[in-house]
file my_file04.txt (compact mmCIF, C-alpha atoms)
# COMPACT_ATOMS: atom_id res chain seq x y z
CA MET A 1 -62.67 27.70 12.86
CA ASN A 2 -62.98 29.70 16.11
CA ALA A 3 -64.46 28.15 19.22
CA PRO A 4 -67.53 29.95 20.56
CA SER A 5 -66.62 32.53 23.16
CA ARG A 6 -67.76 32.12 26.72
CA PRO A 7 -70.14 34.75 28.03
CA MET A 8 -68.82 37.29 30.49
CA LEU A 9 -70.45 38.53 33.66
CA PRO A 10 -71.86 42.00 33.20
CA ARG A 11 -70.53 44.85 35.27
CA GLY A 12 -72.75 45.81 38.14
CA LEU A 13 -74.46 44.38 41.16
CA TYR A 14 -74.13 40.61 41.71
CA VAL A 15 -76.70 39.33 44.23
CA LEU A 16 -77.52 36.10 45.98
CA CYS A 17 -81.23 35.24 45.96
CA ASP A 18 -81.44 32.76 48.84
CA ASP A 19 -84.43 30.73 50.02
CA THR A 20 -83.30 31.04 53.65
CA VAL A 21 -83.44 34.86 53.68
CA LEU A 22 -86.98 36.16 54.18
CA PRO A 23 -88.38 32.65 53.66
CA GLU A 24 -91.94 33.98 53.68
CA LEU A 25 -91.25 35.76 50.38
CA PRO A 26 -91.28 33.53 47.26
CA LEU A 27 -87.95 33.27 45.42
CA VAL A 28 -89.41 34.69 42.22
CA ASP A 29 -90.66 37.76 44.09
CA LYS A 30 -87.25 38.20 45.72
CA ALA A 31 -85.51 37.93 42.35
CA ALA A 32 -87.92 40.41 40.77
CA ARG A 33 -87.22 42.93 43.53
CA LEU A 34 -83.47 42.41 43.22
CA VAL A 35 -83.53 42.93 39.45
CA ALA A 36 -85.81 45.96 39.82
CA GLY A 37 -83.23 47.31 42.29
CA GLY A 38 -80.47 47.07 39.69
CA ALA A 39 -79.02 43.57 40.03
CA LYS A 40 -77.15 42.51 36.90
CA VAL A 41 -76.41 38.95 38.09
CA VAL A 42 -78.79 36.86 40.22
CA GLN A 43 -77.33 33.74 41.80
CA LEU A 44 -80.29 31.58 42.79
CA ARG A 45 -79.51 29.61 45.97
CA MET A 46 -82.15 27.03 46.90
CA LYS A 47 -80.89 24.88 49.79
CA ARG A 48 -84.33 24.32 51.38
CA THR A 49 -86.64 24.42 48.39
CA PRO A 50 -88.01 21.01 47.29
CA LEU A 51 -86.66 19.96 43.90
CA GLY A 52 -89.87 20.39 41.89
CA ALA A 53 -90.45 23.86 43.32
CA ALA A 54 -86.77 24.70 42.77
CA LEU A 55 -87.04 23.84 39.08
CA ALA A 56 -90.20 25.93 38.70
CA ALA A 57 -88.57 28.88 40.49
CA ALA A 58 -85.37 28.57 38.45
CA ARG A 59 -87.36 28.62 35.20
CA GLU A 60 -89.27 31.72 36.27
CA VAL A 61 -86.19 33.54 37.55
CA ALA A 62 -84.18 32.70 34.42
CA ALA A 63 -87.00 34.08 32.24
CA LEU A 64 -87.33 37.18 34.43
CA CYS A 65 -83.59 37.81 34.20
CA ARG A 66 -83.61 37.37 30.40
CA ARG A 67 -86.41 39.93 30.06
CA ALA A 68 -84.49 42.37 32.26
CA GLY A 69 -81.13 41.84 30.57
CA ALA A 70 -79.67 40.29 33.73
CA VAL A 71 -77.76 37.02 34.16
CA CYS A 72 -79.21 34.08 36.09
CA LEU A 73 -76.89 31.56 37.75
CA VAL A 74 -78.16 28.53 39.66
CA ASN A 75 -76.21 27.62 42.76
CA ASP A 76 -74.88 24.03 43.00
CA ARG A 77 -77.23 22.35 40.49
CA VAL A 78 -76.11 22.00 36.88
CA ASP A 79 -79.23 19.95 36.10
CA LEU A 80 -81.53 22.75 37.25
CA ALA A 81 -79.49 25.36 35.37
CA LEU A 82 -79.83 23.35 32.15
CA LEU A 83 -83.53 22.59 32.56
CA ALA A 84 -84.32 26.18 33.53
CA GLY A 85 -82.40 27.74 30.66
CA ALA A 86 -80.23 29.69 33.12
CA ASP A 87 -77.07 31.47 31.98
CA GLY A 88 -74.90 29.23 34.09
CA VAL A 89 -74.12 27.70 37.43
CA HIS A 90 -72.00 28.30 40.50
CA VAL A 91 -70.43 25.19 42.02
CA GLY A 92 -68.81 24.79 45.42
CA ASP A 93 -66.40 22.36 46.99
CA GLU A 94 -69.00 19.63 47.50
CA ASP A 95 -70.76 19.99 44.16
CA LEU A 96 -70.06 18.64 40.71
CA PRO A 97 -66.45 19.51 39.77
CA PRO A 98 -66.20 22.61 37.56
CA GLU A 99 -64.73 20.57 34.69
CA ALA A 100 -67.79 18.31 34.69
CA ALA A 101 -70.11 21.31 34.95
CA ARG A 102 -68.37 22.84 31.91
CA GLU A 103 -68.68 19.56 30.00
CA LEU A 104 -72.43 19.49 30.62
CA LEU A 105 -73.09 23.20 30.10
CA GLY A 106 -70.85 23.66 27.08
CA PRO A 107 -68.92 26.81 26.22
CA GLY A 108 -71.93 29.10 25.94
CA ARG A 109 -72.79 29.23 29.63
CA LEU A 110 -71.01 30.48 32.73
CA VAL A 111 -69.42 28.26 35.37
CA GLY A 112 -68.59 29.98 38.64
CA VAL A 113 -66.47 28.30 41.28
CA THR A 114 -66.03 28.86 45.00
CA ALA A 115 -62.43 29.91 45.59
CA ARG A 116 -60.94 29.88 49.06
CA GLY A 117 -57.79 31.96 48.91
CA VAL A 118 -55.33 32.90 46.18
CA GLU A 119 -54.45 29.31 45.20
CA GLY A 120 -58.13 28.42 44.92
CA ALA A 121 -58.69 31.43 42.68
CA ARG A 122 -55.77 30.43 40.44
CA ALA A 123 -57.11 26.88 40.20
CA ALA A 124 -60.57 28.21 39.32
CA LEU A 125 -59.12 30.33 36.51
CA ALA A 126 -57.39 27.29 35.07
call {"tool": "encode", "arguments": {"input": "my_file04.txt", "output": "structure tokens"}}
result
Amino acid sequence: MNAPSRPMLPRGLYVLCDDTVLPELPLVDKAARLVAGGAKVVQLRMKRTPLGAALAAAREVAALCRRAGAVCLVNDRVDLALLAGADGVHVGDEDLPPEAARELLGPGRLVGVTARGVEGARAALA
């Protein structure tokens, strides 16, 4: 029996939708504008957004991306990615280790990793 294949990132524009950039504009509005502008992958970064509002935004952005045929990744937070129905997560050096993120997300979702240099990129591929 074959293991399910992992999804691939689509070709095209990969954008960061960050709550610290134009903070007066709601995250969902930013994401909608980015997708309307051609973004194929939206990485939702919510460093300043309170947790309840972050979950609500992640759910809306994940749904918006699904409707548009784009991919939604949640930065740092595997729990929010799962609860929001996002396509995956991006984890950094101080977040949940990628192996643990993969264990929680399963093979059907994406796990991105911050790589600092060639060795970091090789480790991320492994």
call {"tool": "residues_around", "arguments": {"input": "my_file04.txt", "residues": "stretch 95-97 of chain A", "least_positions_apart": "4", "cutoff": "7 Å", "atoms": "all atoms listed in the file", "output": "list in words"}}
result
Asp76, Val91 and Ala101 of chain A
call {"tool": "closest_residue", "arguments": {"input": "my_file04.txt", "among": "A:Pro7, A:Gly12, A:Pro23, A:Gly112", "to": "A:Val89", "atoms": "all atoms listed in the file"}}
result
A:Gly112
call {"tool": "atom_distance", "arguments": {"input": "my_file04.txt", "atom1": "atom CA of A:Val113", "atom2": "atom CA of A:Lys47"}}
result
17.1 Å
call {"tool": "atom_distance", "arguments": {"input": "my_file04.txt", "atom1": "atom CA of A:Ala56", "atom2": "atom CA of A:Leu80"}}
result
9.3 Å
call {"tool": "residues_around", "arguments": {"input": "my_file04.txt", "residues": "A:Leu51", "least_positions_apart": "6", "cutoff": "12 Å", "atoms": "only C-alpha atoms", "output": "list of chain:residue names"}}
result
A:Ala57, A:Ala58, A:Arg77, A:Asp79, A:Leu80
call {"tool": "decode", "arguments": {"input": "my_file04.txt", "residues": "stretch 13-28 of chain A", "atoms": "all heavy atoms", "output": "compact mmCIF listing (two decimals), in the first residue's frame"}}
result
# COMPACT_ATOMS: atom_id res chain seq x y z
N LEU A 13 3.61 33.24 -6.80
CA LEU A 13 3.95 34.20 -5.75
C LEU A 13 3.64 33.66 -4.36
O LEU A 13 2.54 33.22 -4.08
CB LEU A 13 3.16 35.49 -6.00
CG LEU A 13 3.46 36.69 -5.12
CD1 LEU A 13 4.91 37.13 -5.28
CD2 LEU A 13 2.53 37.84 -5.50
N TYR A 14 4.65 33.69 -3.49
CA TYR A 14 4.55 33.25 -2.10
C TYR A 14 4.67 34.51 -1.26
O TYR A 14 5.67 35.21 -1.33
CB TYR A 14 5.70 32.29 -1.81
CG TYR A 14 5.73 31.64 -0.45
CD1 TYR A 14 5.80 30.27 -0.33
CD2 TYR A 14 5.72 32.39 0.73
CE1 TYR A 14 5.87 29.64 0.92
CE2 TYR A 14 5.77 31.77 1.98
CZ TYR A 14 5.85 30.41 2.06
OH TYR A 14 5.91 29.81 3.29
N VAL A 15 3.63 34.83 -0.48
CA VAL A 15 3.62 36.09 0.27
C VAL A 15 3.49 35.86 1.76
O VAL A 15 2.95 34.86 2.21
CB VAL A 15 2.49 37.03 -0.21
CG1 VAL A 15 2.65 37.40 -1.67
CG2 VAL A 15 1.13 36.42 0.04
N LEU A 16 3.99 36.82 2.51
CA LEU A 16 3.83 36.85 3.95
C LEU A 16 2.74 37.86 4.27
O LEU A 16 2.82 39.02 3.86
CB LEU A 16 5.15 37.29 4.58
CG LEU A 16 5.54 36.73 5.91
CD1 LEU A 16 5.59 35.22 5.86
CD2 LEU A 16 6.88 37.26 6.33
N CYS A 17 1.72 37.43 4.97
CA CYS A 17 0.63 38.30 5.41
C CYS A 17 0.85 38.52 6.91
O CYS A 17 0.55 37.65 7.72
CB CYS A 17 -0.72 37.64 5.13
SG CYS A 17 -2.13 38.68 5.51
N ASP A 18 1.39 39.68 7.26
CA ASP A 18 1.93 39.94 8.59
C ASP A 18 1.08 40.97 9.32
O ASP A 18 0.74 42.01 8.76
CB ASP A 18 3.36 40.45 8.41
CG ASP A 18 4.16 40.50 9.68
OD1 ASP A 18 3.65 41.02 10.68
OD2 ASP A 18 5.31 40.05 9.66
N ASP A 19 0.79 40.71 10.59
CA ASP A 19 -0.04 41.64 11.37
C ASP A 19 0.71 42.92 11.77
O ASP A 19 0.10 43.85 12.27
CB ASP A 19 -0.65 40.97 12.60
CG ASP A 19 0.35 40.45 13.61
OD1 ASP A 19 1.57 40.61 13.41
OD2 ASP A 19 -0.08 39.89 14.63
N THR A 20 2.03 42.97 11.54
CA THR A 20 2.77 44.18 11.89
C THR A 20 2.92 45.13 10.70
O THR A 20 3.33 46.28 10.88
CB THR A 20 4.18 43.85 12.42
OG1 THR A 20 4.96 43.24 11.39
CG2 THR A 20 4.09 42.93 13.63
N VAL A 21 2.57 44.69 9.51
CA VAL A 21 2.62 45.53 8.31
C VAL A 21 1.22 46.09 8.08
O VAL A 21 0.25 45.32 8.01
CB VAL A 21 3.10 44.72 7.09
CG1 VAL A 21 3.07 45.58 5.83
CG2 VAL A 21 4.48 44.14 7.34
N LEU A 22 1.12 47.39 7.96
CA LEU A 22 -0.19 48.05 7.85
C LEU A 22 -1.15 47.53 8.91
O LEU A 22 -2.20 46.95 8.61
CB LEU A 22 -0.79 47.86 6.46
CG LEU A 22 -0.04 48.46 5.28
CD1 LEU A 22 -0.66 48.02 3.97
CD2 LEU A 22 0.00 49.97 5.36
N PRO A 23 -0.81 47.70 10.19
CA PRO A 23 -1.62 47.13 11.26
C PRO A 23 -3.07 47.63 11.30
O PRO A 23 -3.93 46.97 11.88
CB PRO A 23 -0.86 47.51 12.54
CG PRO A 23 0.01 48.63 12.15
CD PRO A 23 0.32 48.48 10.69
N GLU A 24 -3.33 48.74 10.66
CA GLU A 24 -4.70 49.27 10.63
C GLU A 24 -5.61 48.47 9.70
O GLU A 24 -6.84 48.57 9.77
CB GLU A 24 -4.70 50.76 10.23
CG GLU A 24 -4.27 51.04 8.81
CD GLU A 24 -2.75 51.05 8.56
OE1 GLU A 24 -1.96 50.77 9.48
OE2 GLU A 24 -2.37 51.32 7.42
N LEU A 25 -5.03 47.65 8.85
CA LEU A 25 -5.80 46.84 7.91
C LEU A 25 -5.95 45.42 8.47
O LEU A 25 -4.96 44.78 8.81
CB LEU A 25 -5.07 46.79 6.56
CG LEU A 25 -5.79 46.18 5.38
CD1 LEU A 25 -7.05 46.96 5.04
CD2 LEU A 25 -4.87 46.15 4.18
N PRO A 26 -7.18 44.93 8.61
CA PRO A 26 -7.37 43.57 9.15
C PRO A 26 -6.65 42.51 8.30
O PRO A 26 -6.54 42.63 7.08
CB PRO A 26 -8.89 43.37 9.08
CG PRO A 26 -9.46 44.75 9.06
CD PRO A 26 -8.45 45.59 8.32
N LEU A 27 -6.16 41.47 8.97
CA LEU A 27 -5.43 40.40 8.29
C LEU A 27 -6.22 39.78 7.15
O LEU A 27 -5.66 39.48 6.10
CB LEU A 27 -5.05 39.31 9.30
CG LEU A 27 -3.85 39.61 10.17
CD1 LEU A 27 -3.80 38.66 11.36
CD2 LEU A 27 -2.57 39.50 9.36
N VAL A 28 -7.50 39.58 7.36
CA VAL A 28 -8.31 38.95 6.31
C VAL A 28 -8.37 39.84 5.09
O VAL A 28 -8.27 39.36 3.95
CB VAL A 28 -9.73 38.62 6.85
CG1 VAL A 28 -10.61 38.06 5.75
CG2 VAL A 28 -9.63 37.64 8.01
